[in-house]
Structure formats: C-alpha cells, structure tokens
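Inspection log for the structure reproduced underneath, given as structure tokens.
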Amino acid sequence: MIKGYIFDYGGTLDTEGHHWGKVLWHSYQRQNVPVTEEQFREAYVHGERTLGNLPIIKPDYTFYKTLDTKLRLEMEYLCSSGFWDAGEDELMSMKKAVLDDVYSYVKKVTDHSRDVLEKLRVNYPMVLVSNFYGNVEVVIKEFKLDHLFLDIVESATVGIRKPDPRIYKLGVEKLGLQPEEVIVVGDSFYKDIEPANKIGCKTIWFKGEGWTDKVYDETLPDRIITDIAQLL
C-alpha cells in the first residue's frame, strides 16, 4: 500500500518532465540566438560542469539569479569559442530575453505542479530529493512549493548525488516509511527511476523530451506519465 511520495525537482516539477538542456535550447530558438544546437549543447555542458565544480551558485540565490548565472556562462562560452560574434550589448539583451522567456515558462509549470501537489498532500506526506546547487530551499520558496514537503534531501547538502541510491534511502527515511510504501516520481530514468527501483520503491517516470534519443526499458517503472495531473 502506498503511503508517501518522493519527488525530484529539476526537470520534474519545473519543466513538465523535459530535460533542462532542451528547455533552454527551445528558448534560444524562440529568441533567435544565432547558434546551432550542436554549439548550444557544448555550451550547456560547459555551463553545467562549471556550476558542478565551482561554488558559483550561493545558498541564497533565487532561481531567477541561478538561471541568469547559467545563461551568462553558456553565452560567454559561445562567444569565447567563436560560435557567436556578439558584443556586450547584444549578449546582455539576448540573455535577458531568454531569461525572461524561460522564467515565465517555469512559473507556469510550477503553478500547475503546485495545484496537483496541494491535492496529493491531503492524503500523502511528500519529500523532495534533488541534485541541486545548495539553494533548492530558496527556489521552492520562490515558486511557493515549500509548504508542500515534509523535508528536503538536496545533494549539495547531504554529499550524495543521484544516481547513488543512498540519496533515495535518505528520502524514504525522512518519510518514516518502508521503500515499498513509497512512490518516487522523476524525469530522469537513470538518476531517478533506476536508483529508486534498486532500493525497492515504486516508480513513476515523468517522461518528457530527453537530452538524447536513448531508449530505456519502459517496463522498469511502475507507470509512465506525461502530465503531473495524471497522479491524481
């Protein structure tokens, strides 16, 4: 019998299951940033590695500031690599256009996620388990999601990152339940579904547009959804 839920944050509650790289690329396209997808992907990977290796994102950074920092790293890389010959004014203007476009999308998605989670929490305690930069508490407050969770397990705080199954064990412990009584909902097959399955949790794969075309074993998750409202 299911008695509680664990949710991933990034890519799950904020982008409808779509990989963050794809969300950003589609915004680059909408705002006519003059680079190819291949060039963008290189810049995106550079940005993520930089943020993963250096303490650039501070614990008090809002999502708006986090996204602004991420876009600056990407766009400066595109220019320094010779992919985009933009002056400072053009770069700043394009960065602001993408930033505002993506932020308004995330606001809309988190509003929808909140509506669904408000209904779920009536019957189920919920914990958030996230690979994030150490500021996920500030971010979920920004989008008015903080009151929904019993506790938060964030990789930067606990020193364990997905796909290590131990981070999900911590989430189960926070719920005070057995793994088989918990459903894990996440967008990443190998960071959410596989490790949660390994420790005995039920799993729901929130399947959106992936970073690659890799095909996964769709019999592994207990269920696949494409809209968070399908949980109700």
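Going by the structure tokens order, chains are called A, B, ..., each with residues numbered from 1, while ligands are numbered from 1 in the order shown.
Proximity to Gly159 of chain A at 12 Å, evaluated using only C-alpha atoms and with sequence-adjacent residues fewer than 6 positions away removed, yields Ser130, Asn131, Phe132, Tyr133, Gly134, Val153, Arg166, Ile167 and Leu170 of chain A.
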Polymer residues at most 8 Å from Ile199 of chain A, only C-alpha atoms, same-chain spacing of 3 or more positions, as an MDAnalysis selection string: chainID A and resid 165 168:169 179 195:196
So how far away is atom CA of Tyr28 of chain A from atom CA of Asp89 of chain A, in Å? 16.8 Å
Near Ile2 of chain A, counting only C-alpha atoms, which residues have an atom at most 8 Å away, once you skip same-chain residues fewer than 6 positions from it, shown as JSON, numbers by chain? {"A": [180, 181, 182, 183]}
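When atom CA of Leu67 of chain A is paired with atom CA of Val138 of chain A, their separation reads 13.4 Å.
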Of the candidates A:Val33, A:Leu148, A:Ile140, A:Ile224, which one gets nearest to Val116 of chain A if we count only C-alpha atoms? A:Leu148
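Non-sequential neighbours of His112 of chain A (distance at most 10 Å, separation of 6 or more positions within a chain, only C-alpha atoms) are A:Leu13, A:Asp14, A:Glu16, A:Val106, A:Asp227, A:Ile228, A:Ala229.
For the choices A:Val136, A:Ile56, A:Val158, A:Leu232, the atom-to-atom distance to Lys119 of chain A is smallest for A:Leu232 when using only C-alpha atoms.
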Which residues, written as an mmCIF file with N, CA and C atoms, in the first residue's frame, have at least one atom at most 10 Å from segment 215-218 of chain A, with only C-alpha atoms counted and residues fewer than 5 positions away on the same chain left out?
data_model
loop_
_atom_site.group_PDB
_atom_site.id
_atom_site.type_symbol
_atom_site.label_atom_id
_atom_site.label_comp_id
_atom_site.auth_asym_id
_atom_site.auth_seq_id
_atom_site.Cartn_x
_atom_site.Cartn_y
_atom_site.Cartn_z
ATOM 1 N N PHE A 189 15.490 8.774 -16.109
ATOM 2 C CA PHE A 189 15.424 7.318 -15.973
ATOM 3 C C PHE A 189 16.583 6.802 -15.122
ATOM 4 N N TYR A 190 17.801 7.282 -15.421
ATOM 5 C CA TYR A 190 18.957 6.698 -14.721
ATOM 6 C C TYR A 190 19.275 7.393 -13.400
ATOM 7 N N TRP A 205 7.750 7.328 -13.905
ATOM 8 C CA TRP A 205 8.627 8.096 -14.797
ATOM 9 C C TRP A 205 7.820 9.204 -15.456
ATOM 10 N N GLY A 210 13.807 14.188 -23.889
ATOM 11 C CA GLY A 210 15.103 13.868 -23.288
ATOM 12 C C GLY A 210 16.255 14.615 -23.943
ATOM 13 N N ARG A 223 4.858 2.992 -13.701
ATOM 14 C CA ARG A 223 3.941 3.776 -14.518
ATOM 15 C C ARG A 223 4.718 4.868 -15.239
ATOM 16 N N ILE A 224 4.189 5.325 -16.382
ATOM 17 C CA ILE A 224 4.784 6.447 -17.116
ATOM 18 C C ILE A 224 3.712 7.518 -17.268
#
